[in-house]
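For reference, run_0.cif is printed below; it contains mmCIF, C-alpha atoms.
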data_my_file
#
loop_
_atom_site.label_atom_id
_atom_site.label_comp_id
_atom_site.auth_asym_id
_atom_site.auth_seq_id
_atom_site.Cartn_x
_atom_site.Cartn_y
_atom_site.Cartn_z
CA MET A 1 -23.26 -23.38 17.97
CA LYS A 2 -20.86 -26.13 19.01
CA ILE A 3 -18.32 -25.14 21.63
CA ASP A 4 -15.34 -26.13 19.45
CA LEU A 5 -16.70 -23.99 16.61
CA MET A 6 -17.18 -21.05 18.96
CA PHE A 7 -13.58 -21.33 20.15
CA LEU A 8 -12.44 -21.51 16.53
CA PHE A 9 -14.17 -18.19 15.80
CA ILE A 10 -12.76 -16.63 18.99
CA PHE A 11 -9.27 -17.79 18.03
CA ALA A 12 -9.72 -16.42 14.51
CA GLY A 13 -10.86 -13.08 15.93
CA LEU A 14 -7.89 -12.84 18.28
CA CYS A 15 -5.51 -13.68 15.43
CA GLY A 16 -7.20 -10.97 13.38
CA LEU A 17 -6.72 -8.40 16.16
CA VAL A 18 -3.03 -9.24 16.48
CA MET A 19 -2.46 -9.13 12.73
CA GLY A 20 -4.47 -5.91 12.53
CA SER A 21 -2.00 -4.34 14.94
CA PHE A 22 0.81 -5.37 12.59
CA TYR A 23 -1.10 -4.04 9.57
CA ASN A 24 -1.28 -0.66 11.33
CA VAL A 25 2.52 -0.61 11.46
CA VAL A 26 2.68 -1.43 7.75
CA ILE A 27 0.15 1.31 6.93
CA TYR A 28 1.83 3.96 9.07
CA ARG A 29 5.37 3.22 7.87
CA HIS A 30 4.58 2.81 4.19
CA GLY A 31 6.62 5.23 2.12
CA SER A 32 8.49 6.56 5.16
CA GLY A 33 11.67 4.61 4.52
CA VAL A 34 11.36 3.03 7.99
CA SER A 35 11.44 -0.76 8.24
CA ILE A 36 8.25 -2.48 9.39
CA ILE A 37 10.45 -4.65 11.66
CA ARG A 38 12.62 -2.06 13.40
CA PRO A 39 12.56 0.17 15.34
CA ARG A 40 9.93 -0.93 17.80
CA SER A 41 6.54 0.75 17.71
CA TYR A 42 6.54 4.33 18.98
CA CYS A 43 4.11 7.20 19.48
CA PRO A 44 3.84 9.18 16.21
CA HIS A 45 3.71 12.43 18.20
CA CYS A 46 6.28 12.21 21.02
CA LYS A 47 8.32 9.33 19.47
CA THR A 48 8.43 7.48 22.80
CA THR A 49 8.98 3.74 22.34
CA LEU A 50 5.79 1.94 23.35
CA GLN A 51 5.81 -0.80 25.96
CA ALA A 52 4.04 -4.15 25.73
CA ALA A 53 1.07 -2.87 27.74
CA ASP A 54 0.59 -0.08 25.18
CA LEU A 55 0.40 -2.51 22.27
CA VAL A 56 -2.37 -4.92 23.23
CA PRO A 57 -4.72 -4.75 20.24
CA LEU A 58 -8.00 -2.92 20.92
CA PHE A 59 -7.76 -3.20 24.72
CA SER A 60 -4.83 -0.77 25.06
CA TYR A 61 -6.86 1.85 23.18
CA ILE A 62 -9.81 1.32 25.54
CA PHE A 63 -7.73 1.34 28.74
CA LEU A 64 -5.75 4.40 27.65
CA ARG A 65 -9.01 6.11 26.63
CA GLY A 66 -7.68 6.75 23.17
CA ARG A 67 -4.65 8.79 24.27
CA CYS A 68 -0.90 8.23 24.42
CA ARG A 69 0.24 7.25 27.92
CA TYR A 70 3.31 9.50 27.62
CA CYS A 71 2.23 12.71 25.89
CA ASN A 72 -1.57 12.43 26.25
CA VAL A 73 -2.11 13.20 22.55
CA LYS A 74 -5.17 11.57 21.05
CA ILE A 75 -4.50 8.27 19.23
CA SER A 76 -5.98 8.00 15.73
CA ILE A 77 -9.14 5.90 15.67
CA ARG A 78 -7.77 4.31 12.51
CA TYR A 79 -5.65 1.93 14.59
CA THR A 80 -8.69 0.48 16.34
CA VAL A 81 -10.81 0.41 13.17
CA VAL A 82 -8.13 -1.56 11.28
CA GLU A 83 -7.78 -4.03 14.16
CA LEU A 84 -11.54 -4.57 14.37
CA LEU A 85 -11.89 -4.92 10.59
CA SER A 86 -9.02 -7.40 10.54
CA ALA A 87 -10.67 -9.44 13.31
CA ALA A 88 -13.99 -9.34 11.45
CA LEU A 89 -12.33 -10.50 8.21
CA PHE A 90 -10.60 -13.40 9.95
CA VAL A 91 -13.85 -14.52 11.60
CA ALA A 92 -15.89 -14.07 8.40
CA ALA A 93 -13.35 -16.01 6.32
CA THR A 94 -13.28 -18.82 8.90
CA TRP A 95 -17.09 -18.94 8.90
CA ARG A 96 -17.26 -18.94 5.09
CA PHE A 97 -14.44 -21.38 4.27
CA GLY A 98 -13.79 -23.37 7.44
CA LEU A 99 -10.40 -24.99 7.90
CA SER A 100 -9.60 -25.37 4.22
CA LEU A 101 -7.19 -24.36 1.49
CA GLU A 102 -9.53 -21.52 0.58
CA LEU A 103 -9.08 -20.04 4.07
CA ILE A 104 -5.31 -20.02 3.53
CA LYS A 105 -5.86 -18.40 0.14
CA TYR A 106 -8.27 -15.66 1.12
CA ILE A 107 -7.05 -14.42 4.52
CA PRO A 108 -3.79 -12.97 3.07
CA LEU A 109 -5.75 -11.54 0.14
CA PHE A 110 -8.27 -9.83 2.41
CA SER A 111 -5.44 -8.57 4.60
CA ILE A 112 -3.58 -6.96 1.68
CA LEU A 113 -6.82 -5.36 0.48
CA LEU A 114 -7.41 -3.97 3.98
CA ILE A 115 -3.92 -2.42 3.97
CA ILE A 116 -4.47 -1.01 0.47
CA SER A 117 -7.82 0.48 1.52
CA ALA A 118 -6.36 2.21 4.58
CA ILE A 119 -3.43 3.66 2.63
CA ASP A 120 -5.73 4.85 -0.16
CA LEU A 121 -8.06 6.53 2.34
CA GLU A 122 -5.20 8.32 4.08
CA ARG A 123 -2.93 9.18 1.13
CA HIS A 124 -5.04 8.72 -2.01
CA GLN A 125 -2.66 6.17 -3.50
CA ILE A 126 -2.61 2.42 -4.10
CA PRO A 127 1.00 1.23 -3.82
CA ASN A 128 2.27 -0.93 -6.69
CA LEU A 129 3.98 -3.18 -4.15
CA TYR A 130 0.71 -4.48 -2.70
CA THR A 131 -0.97 -4.80 -6.08
CA ALA A 132 2.02 -6.87 -7.23
CA MET A 133 1.72 -9.01 -4.08
CA ILE A 134 -1.91 -9.79 -4.94
CA LEU A 135 -0.93 -10.73 -8.51
CA ALA A 136 1.90 -12.98 -7.28
CA TRP A 137 -0.44 -14.64 -4.78
CA ALA A 138 -3.07 -15.11 -7.49
CA LEU A 139 -0.53 -16.68 -9.84
CA LEU A 140 0.60 -19.05 -7.09
CA TRP A 141 -2.94 -20.23 -6.41
CA GLN A 142 -3.72 -20.50 -10.10
CA LEU A 143 -0.90 -23.06 -10.18
CA ILE A 144 -1.76 -24.80 -6.88
CA SER A 145 -5.54 -24.88 -6.91
CA PRO A 146 -7.11 -22.93 -9.78
CA GLY A 147 -10.63 -21.70 -9.08
CA ILE A 148 -11.10 -20.57 -12.69
CA SER A 149 -9.48 -21.42 -16.02
CA TRP A 150 -6.35 -19.66 -17.22
CA ILE A 151 -8.35 -18.20 -20.11
CA ASP A 152 -10.95 -16.77 -17.73
CA ALA A 153 -8.18 -15.35 -15.53
CA ALA A 154 -6.44 -13.77 -18.53
CA LEU A 155 -9.71 -12.27 -19.78
CA GLY A 156 -10.37 -10.91 -16.29
CA LEU A 157 -6.93 -9.31 -16.23
CA LEU A 158 -7.44 -7.75 -19.66
CA ALA A 159 -10.97 -6.59 -18.88
CA GLY A 160 -10.00 -5.18 -15.50
CA GLY A 161 -7.02 -3.35 -16.92
CA GLY A 162 -8.30 -2.42 -20.37
CA ILE A 163 -11.84 -1.27 -19.71
CA THR A 164 -10.98 0.62 -16.56
CA LEU A 165 -8.00 2.24 -18.27
CA LEU A 166 -10.36 3.64 -20.90
CA ILE A 167 -12.66 4.89 -18.13
CA ALA A 168 -9.70 6.43 -16.30
CA LEU A 169 -8.58 8.25 -19.43
CA ALA A 170 -12.12 9.44 -20.16
CA SER A 171 -12.66 10.63 -16.58
CA ARG A 172 -9.43 12.68 -16.68
CA GLY A 173 -8.28 11.78 -13.21
CA GLY A 174 -11.56 10.52 -11.81
CA MET A 175 -9.98 7.08 -11.58
CA GLY A 176 -6.29 6.67 -10.85
CA ALA A 177 -3.72 4.27 -12.26
CA GLY A 178 -3.69 2.40 -8.95
CA ASP A 179 -7.41 1.68 -9.29
CA VAL A 180 -6.85 0.32 -12.82
CA LYS A 181 -4.05 -2.00 -11.67
CA LEU A 182 -6.06 -3.21 -8.67
CA LEU A 183 -9.09 -4.04 -10.81
CA ALA A 184 -6.82 -5.82 -13.29
CA VAL A 185 -5.31 -8.16 -10.68
CA LEU A 186 -8.71 -8.77 -9.06
CA GLY A 187 -9.99 -9.59 -12.54
CA PHE A 188 -7.24 -12.20 -12.79
CA LEU A 189 -8.39 -13.63 -9.46
CA ALA A 190 -12.13 -13.57 -10.08
CA GLY A 191 -12.40 -13.92 -13.86
CA TRP A 192 -14.03 -11.54 -16.31
CA PHE A 193 -17.61 -12.48 -15.39
CA ASP A 194 -17.30 -11.69 -11.68
CA LEU A 195 -15.14 -8.68 -12.49
CA LEU A 196 -18.17 -7.04 -14.09
CA ILE A 197 -20.16 -7.22 -10.86
CA ILE A 198 -17.12 -6.16 -8.81
CA PHE A 199 -16.80 -3.05 -10.94
CA MET A 200 -20.54 -2.26 -10.85
CA LEU A 201 -20.71 -2.73 -7.07
CA ALA A 202 -17.61 -0.56 -6.55
CA VAL A 203 -19.15 2.22 -8.65
CA LEU A 204 -22.46 2.01 -6.76
CA LEU A 205 -20.72 2.01 -3.38
CA GLY A 206 -18.51 4.93 -4.40
CA ALA A 207 -21.51 6.89 -5.68
CA ALA A 208 -23.41 6.24 -2.44
CA ALA A 209 -20.43 7.45 -0.41
CA GLY A 210 -20.16 10.55 -2.60
CA ILE A 211 -23.85 11.38 -2.11
CA PHE A 212 -23.48 10.89 1.65
CA LEU A 213 -20.49 13.26 1.78
CA ILE A 214 -22.32 15.90 -0.26
CA VAL A 215 -25.51 15.71 1.80
CA PHE A 216 -24.17 15.22 5.33
CA ARG A 217 -20.57 16.45 5.18
CA LYS A 218 -21.13 19.47 2.95
CA LYS A 219 -18.61 18.28 0.38
CA THR A 220 -18.81 19.06 -3.32
CA GLY A 221 -18.91 16.88 -6.39
CA LYS A 222 -15.25 17.73 -6.98
CA THR A 223 -14.13 16.31 -3.62
CA PRO A 224 -11.73 13.41 -4.39
CA ILE A 225 -12.94 10.07 -3.07
CA PRO A 226 -10.49 7.14 -2.94
CA PHE A 227 -11.89 4.32 -5.07
CA GLY A 228 -9.66 1.54 -3.71
CA PRO A 229 -11.72 0.80 -0.57
CA PHE A 230 -14.88 0.40 -2.66
CA ILE A 231 -13.10 -1.97 -5.06
CA ALA A 232 -11.92 -4.02 -2.08
CA LEU A 233 -15.38 -4.04 -0.48
CA ALA A 234 -16.97 -5.08 -3.77
CA TYR A 235 -14.48 -7.95 -4.07
CA PHE A 236 -15.29 -9.11 -0.52
CA MET A 237 -19.00 -9.07 -1.35
CA VAL A 238 -18.52 -11.11 -4.51
CA VAL A 239 -16.34 -13.69 -2.73
CA PHE A 240 -18.93 -14.15 0.03
CA TRP A 241 -22.21 -13.63 -1.82
CA GLY A 242 -21.37 -13.65 -5.53
CA SER A 243 -24.04 -16.16 -6.57
CA LEU A 244 -26.73 -14.33 -4.58
CA ILE A 245 -25.74 -10.99 -6.11
CA TRP A 246 -25.85 -12.40 -9.64
CA GLY A 247 -29.20 -14.04 -8.91
CA PHE A 248 -30.65 -10.75 -7.69
CA TYR A 249 -29.22 -8.91 -10.70
CA PHE A 250 -30.67 -11.33 -13.25
CA SER A 251 -34.05 -11.40 -11.52
CA LEU A 252 -34.09 -7.59 -11.53
CA ILE A 253 -33.24 -7.48 -15.26
CA SER A 254 -35.89 -10.11 -15.97
CA SER A 255 -38.51 -8.06 -14.10
CA ILE A 256 -37.59 -4.91 -16.01
CA ILE A 257 -37.79 -6.70 -19.36
CA LYS A 258 -41.24 -8.11 -18.51
CA VAL A 259 -42.51 -4.63 -17.68
#

For this file, write the structure as structure tokens.
Amino acid sequence: MKIDLMFLFIFAGLCGLVMGSFYNVVIYRHGSGVSIIRPRSYCPHCKTTLQAADLVPLFSYIFLRGRCRYCNVKISIRYTVVELLSAALFVAATWRFGLSLELIKYIPLFSILLIISAIDLERHQIPNLYTAMILAWALLWQLISPGISWIDAALGLLAGGGITLLIALASRGGMGAGDVKLLAVLGFLAGWFDLLIIFMLAVLLGAAAGIFLIVFRKKTGKTPIPFGPFIALAYFMVVFWGSLIWGFYFSLISSIIKV
């Protein structure tokens, strides 16, 4: 690996860590009525305002051994996980797209999906605000540098919203309205063809997680599982490896037909 490329990835990772720290503020304060700008970050338990040394992404958690400096209460591992995932997304996007318009397009998209996933995991809801942000961003890029035709985007929106709405109604709460809206806007981004694989992958990932929880966590089939993170993960997979996934799918279908 060239040295300049290595430094580019390191810089992307550091940017991801810093932004991940900000995303944690957004996630924690969502729905609380507290601005994401002010007041300054504070301990959720003792409400003590945190100092600069307490806010260094990842490293503060390690140095403080996962506990608040002031009240010694354990800090949620979610903060570190979000920072690491954000760093990984920044590096992966830089590796996949390089310094290009696509990098500018996808990093905010991935970031919003990360925030949505964390909120859905914690509170079992997908806020309309962030879904609307994705749609607005998609519309902007459809005007600036369209990756698909307007017809394909419209069909993706209709398929993502219409088909999943029918499934949500049939499942009687198995899929929420937030999931339907998220799939609709991702359909607008990806088009109806890629939306199909996004939906199938999300279902498979969700089913695998459900089986894991039943077998290893002693949950039941009625335990609610947020679907948003699996939709987001499926979208990431299609953006990075969409052609490979479709190739595997068609080869698998071809093999089954021959048998």

**Request:** Using the chain letters and numbering of this document, enumerate as number ranges by chain the residues selected by the PyMOL selection byres ((chain A and resi 233) around 10).
**Result:** A: 110, 113-114, 117, 198, 201-202, 205, 228-232, 234-239

- Message: I want to know what sits within 12 Å of Leu8 of chain A, based on all atoms listed in the file, with residues of the same chain fewer than 2 positions away left out; could you give that as a count of residues only?
- Response: 20

Practice prompt. Tell me, in Å to one decimal, how far atom CA of Val73 of chain A is from atom CA of Lys47 of chain A.
Written response: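 So the answer is 11.5 Å.
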
Selection near segment 22-32 of chain A, 10 Å with all atoms listed in the file, sequence-local residues under 5 positions removed, as a ChimeraX atom specification
/A:16-17,37,40-42,44,57,78-83,86,111-112,114-120,122,127

**Message:** For a test of reading the model, state the distance in Å between atom CA of Gly210 of chain A and atom CA of Pro226 of chain A, rounded to one decimal.
**Reply:**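 Spanning atom CA of Gly210 of chain A to atom CA of Pro226 of chain A is a straight-line distance of 10.3 Å.
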
**Prompt:** Expanded to explicit residues, what is the PyMOL selection byres ((chain A and resi 54) around 12) for this file, as an MDAnalysis selection string?
**Reply:** chainID A and resid 21 40:43 48:53 55:70 75

- Item | For Gly187 of chain A: contacts at 7 Å, all atoms listed in the file, fewer than 2 positions along chain excluded, given as a list in words |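 Answer for this query is Ala153, Gly156, Leu157, Gly160, Leu183, Ala184, Val185, Leu189, Ala190, Gly191, Trp192 and Leu195 of chain A.
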
What does the distance between atom CA of Ile197 of chain A and atom CA of Trp241 of chain A come to in Å, to one decimal place?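 Straight-line distance from atom CA of Ile197 of chain A to atom CA of Trp241 of chain A works out to 11.3 Å.
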
| Of the listed residues A:Ser35, A:Asn128, A:Ser149, A:Ser254, that which approaches Asp179 of chain A most closely, counting all atoms listed in the file |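 Under the stated criterion, the closest residue is A:Asn128.
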
Residue with smallest distance to Met175 of chain A - pool A:Asp194, A:Ile211, A:Gly206, A:Ala154, counting all atoms listed in the file: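 For Met175 of chain A, the nearest of the given residues is A:Gly206.
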
> For Asn72 of chain A, which residue among A:Cys46, A:Leu85, A:Ala207, A:Leu165 is the nearest when counting only C-alpha atoms?
Replying inline: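 Using only C-alpha atoms, the shortest distance to Asn72 of chain A belongs to A:Cys46.
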
Give as a PyMOL selection string the residues that the PyMOL selection byres ((chain A and resi 146) around 12) matches when applied to the coordinates above. chain A and resi 101-102+105+137-145+147-153+188-191

The residue from A:Ile225, A:Leu244, A:Ile36, A:Ile134 with the smallest atom-to-atom distance to Leu121 of chain A, counting only C-alpha atoms, is A:Ile225

Per-axis box centre and lengths in Å around segment 134-140 of chain A, 5 Å margin per side, axis-aligned, as JSON:
{"center_x": -0.6, "center_y": -14.4, "center_z": -7.3, "size_x": 15.0, "size_y": 19.3, "size_z": 15.1}
